[in-house]
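Visitor: Have a look at this one.
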Amino acid sequence: MTRRDGVGVTVRAPAKINVGLAVGAARADGFHELASVFLAVSLYDEVTATSARTLTVTCEGPDADKVPLDRTNLAAQAAELLANRHSFSPNVHLHIAKDIPVAGGMAGGSADAAAALLACNALWRLNTSYENLLALCAELGSDVPFSLIGGAAVGVGRGEKITKLPIGGEFHWVLALANGGLSTPIVFREFDRLVQGADIPPPVTSSPLIEALAAGDPTALADTLHNGLQPAALSLWPSLAATRAAGTEAGALASLVSGSGPTTAFLVEDAKAAAAVAAALTASGTCRMARVATAPALGARVLQAASGRQDPPPARRLPSQDRPHSDRRP
């Protein structure tokens, strides 16, 4: 299932919604303890990896001008991490075709990292096990493991410890994209400000929410959606309240800010309702664009097979300053 046709290896990875997100107090390492229920939806980024003389990144698509093209890009960090593990330089060109909103709370950067990791693994014929790929994903960022897995899952710790969940049917969503983005660290800092002095309980997952996913019941799921970061996102971006109101008035079963925002996700009954809610949101002027999506979506996948063969870069010992650190968290 690999595409090695001289053009490269192309991998598609999905966006995510946190249909449930419980946030605990800040840990000593600066992260927050989380209990997140992830759901992959049918918005995708694609990353194509081709052999090159050095590590380079290009990007096209909506908001491409907001994507860093240096080694701060999470996809570039994924290629570096994988190459470092095998003691060769990450001589690869990564081309990102964006369709997931940038800084929208839908893990677009994490999707790119998971896609780059899978694409480089195939391009360089490393045959890294799925378990080791997941471990590398966890080093790259909290949402990256889920971008590899897709479907539905519970994430605990800082979100990187993943357990797959059963899902009993298709769910329909409308995603209202905002004019701009929110920085996840800034949203967490606002969360800390809002709860300062409060007794924050350990985060737990919602059993009714998990049961609603397993049953494929949108009405039951609507009653259980929750996001502990939503008050912080609304505090930083108050106009999101108007977006939520417009979608609810148009017939959405429920709404919530996706992750750290500012994308707002509306759960609807079926495809007909999704089209109506999307049209109403677009007409309301409360968002930049409304997109229709379904869930669950598959995790990162190589798109197609093709003939041909590409050899990995020649193995060589990296200079000491390029060797991987024990902790590659962003």
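By order of appearance in the structure tokens: chains A, B, ..., then residues from 1 within every chain, and ligands from 1 in the order shown.
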Name all residues at most 10 Å from region 257-265 of chain A (count only C-alpha atoms; drop same-chain ones fewer than 6 positions away) and give them as an NGL selection string.
Guide: :A and (16-21 or 36 or 38 or 101-107 or 173-188 or 226-234 or 236-237 or 239-241 or 243-244 or 247 or 287 or 290-293)
Visitor: When DSSP is applied to the backbone of this structure, which of region 235-264 of chain A are assigned alpha helix (DSSP H)? Write them out as a list in words.
Guide: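 Secondary structure check on region 235-264 of chain A, alpha helix (DSSP H): Ser235, Leu236, Leu240, Ala241, Ala242, Thr243, Arg244, Ala245, Ala246, Gly247, Thr248 and Glu249 of chain A.
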Visitor: Could you name the residues that touch Ala212 (chain A) at 12 Å or less, counting only C-alpha atoms, but leaving out those on the same chain fewer than 6 positions away, as a compact mmCIF listing (two decimals) with N, CA and C atoms, in the first residue's frame?
Guide:
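Output file result_6.txt is given in full below:
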```
# COMPACT_ATOMS: atom_id res chain seq x y z
N VAL A 19 -14.83 15.74 21.10
CA VAL A 19 -16.25 15.74 21.47
C VAL A 19 -16.41 15.75 22.99
N GLY A 20 -15.37 15.37 23.68
CA GLY A 20 -15.32 15.49 25.13
C GLY A 20 -13.91 15.87 25.55
N VAL A 37 -11.92 12.83 24.49
CA VAL A 37 -12.52 11.88 23.55
C VAL A 37 -12.39 12.50 22.16
N ALA A 152 -12.26 6.93 16.52
CA ALA A 152 -12.61 7.55 17.80
C ALA A 152 -11.71 6.93 18.86
N LEU A 165 -11.82 3.58 20.56
CA LEU A 165 -13.20 3.42 21.00
C LEU A 165 -14.05 2.85 19.86
N PRO A 166 -15.04 2.03 20.19
CA PRO A 166 -15.98 1.59 19.15
C PRO A 166 -16.92 2.73 18.79
N ILE A 167 -17.34 2.76 17.54
CA ILE A 167 -18.30 3.78 17.09
C ILE A 167 -19.33 3.09 16.21
N GLY A 168 -20.61 3.34 16.51
CA GLY A 168 -21.67 2.52 15.95
C GLY A 168 -22.36 3.06 14.72
N GLY A 169 -21.90 4.19 14.20
CA GLY A 169 -22.56 4.74 13.03
C GLY A 169 -21.87 5.99 12.55
N GLU A 170 -22.45 6.64 11.55
CA GLU A 170 -21.88 7.85 10.99
C GLU A 170 -22.52 9.07 11.64
N PHE A 171 -21.68 10.05 11.97
CA PHE A 171 -22.15 11.31 12.55
C PHE A 171 -21.88 12.43 11.56
N SER A 206 -16.40 10.84 29.99
CA SER A 206 -17.83 10.70 30.21
C SER A 206 -18.32 9.36 29.67
N PRO A 218 -26.81 10.24 17.38
CA PRO A 218 -26.46 11.66 17.43
C PRO A 218 -27.21 12.43 18.51
N THR A 219 -28.45 12.06 18.78
CA THR A 219 -29.22 12.77 19.81
C THR A 219 -28.60 12.56 21.18
N ALA A 220 -28.22 11.32 21.48
CA ALA A 220 -27.57 11.04 22.75
C ALA A 220 -26.21 11.71 22.83
N LEU A 221 -25.48 11.74 21.70
CA LEU A 221 -24.17 12.39 21.69
C LEU A 221 -24.31 13.88 21.94
N ALA A 222 -25.35 14.49 21.37
CA ALA A 222 -25.56 15.93 21.54
C ALA A 222 -25.70 16.31 23.01
N ASP A 223 -26.29 15.42 23.79
CA ASP A 223 -26.51 15.71 25.21
C ASP A 223 -25.24 15.58 26.04
N THR A 224 -24.17 15.02 25.45
CA THR A 224 -22.97 14.73 26.24
C THR A 224 -21.73 15.48 25.78
N LEU A 225 -21.83 16.27 24.69
CA LEU A 225 -20.67 17.02 24.21
C LEU A 225 -20.19 18.00 25.29
```
Visitor: Within 12 Å of Ala26 (chain A), counting only C-alpha atoms, which residues show up once you throw out same-chain ones fewer than 5 positions away? Write them as a list in words, please.
Guide: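 Counting only the stated atoms, we get Phe31, His32, Glu33, Leu34, Gly157, Arg158, Pro185, Phe188, Arg189, Glu190, Phe191, Asp192, Arg193, Val195, Gln196, Asp199, Ile200, Pro201, Pro202 and Pro203 of chain A.
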Visitor: Between CA of Ala83 (chain A) and CA of Gly109 (chain A), what is the distance in Å, rounded to a tenth?
Guide: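 So the answer is 19.3 Å.
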Visitor: Please report, as a PyMOL selection string, each residue of region 9-91 of chain A to which DSSP assigns strand (DSSP E) when run on this structure's backbone.
Guide: chain A and resi 9-26+32-51+56-60
Visitor: Compare A:Gly61, A:Leu39, A:Ala78, A:Gly30 by their minimum atom-to-atom distance to Lys164 (chain A), counting only C-alpha atoms, and give me the closest one.
Guide: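 Residue with the minimum atom-to-atom distance to Lys164 (chain A): A:Leu39.
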Visitor: Just the residues within 8 Å of region 272-275 of chain A, please, counting only C-alpha atoms, with nothing from its chain fewer than 2 positions along; format it as a ChimeraX atom specification.
Guide: /A:172-174,251-252,268-270,277-279,292
Visitor: I want to know what sits within 7 Å of region 114-125 of chain A, based on only C-alpha atoms, with residues of the same chain fewer than 5 positions away left out; could you give that as number ranges by chain?
Guide: A: 2, 8-13, 47-49, 75, 78-79, 82, 137, 144, 147-148, 300, 310-312
Visitor: Need the shell around Ser51 (chain A): protein/DNA/RNA residues with any atom at most 7 Å away, counting only C-alpha atoms. Skip same-chain ones fewer than 2 positions apart. Format as a PyMOL selection string?
Guide: chain A and resi 49+91-93
Visitor: What is the distance between CA of Ala295 (chain A) and CA of Ser42 (chain A), in Å to one decimal?
Guide: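 Interatomic distance, CA of Ala295 (chain A) to CA of Ser42 (chain A): 6.4 Å.
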Visitor: Point out the residue among A:Leu74, A:Val302, A:Ala297, A:Ala64 with the least atom-to-atom distance to Gly151 (chain A), counting only C-alpha atoms.
Guide: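 Going through A:Leu74, A:Val302, A:Ala297, A:Ala64 one by one, the smallest distance to Gly151 (chain A) is for A:Ala297.
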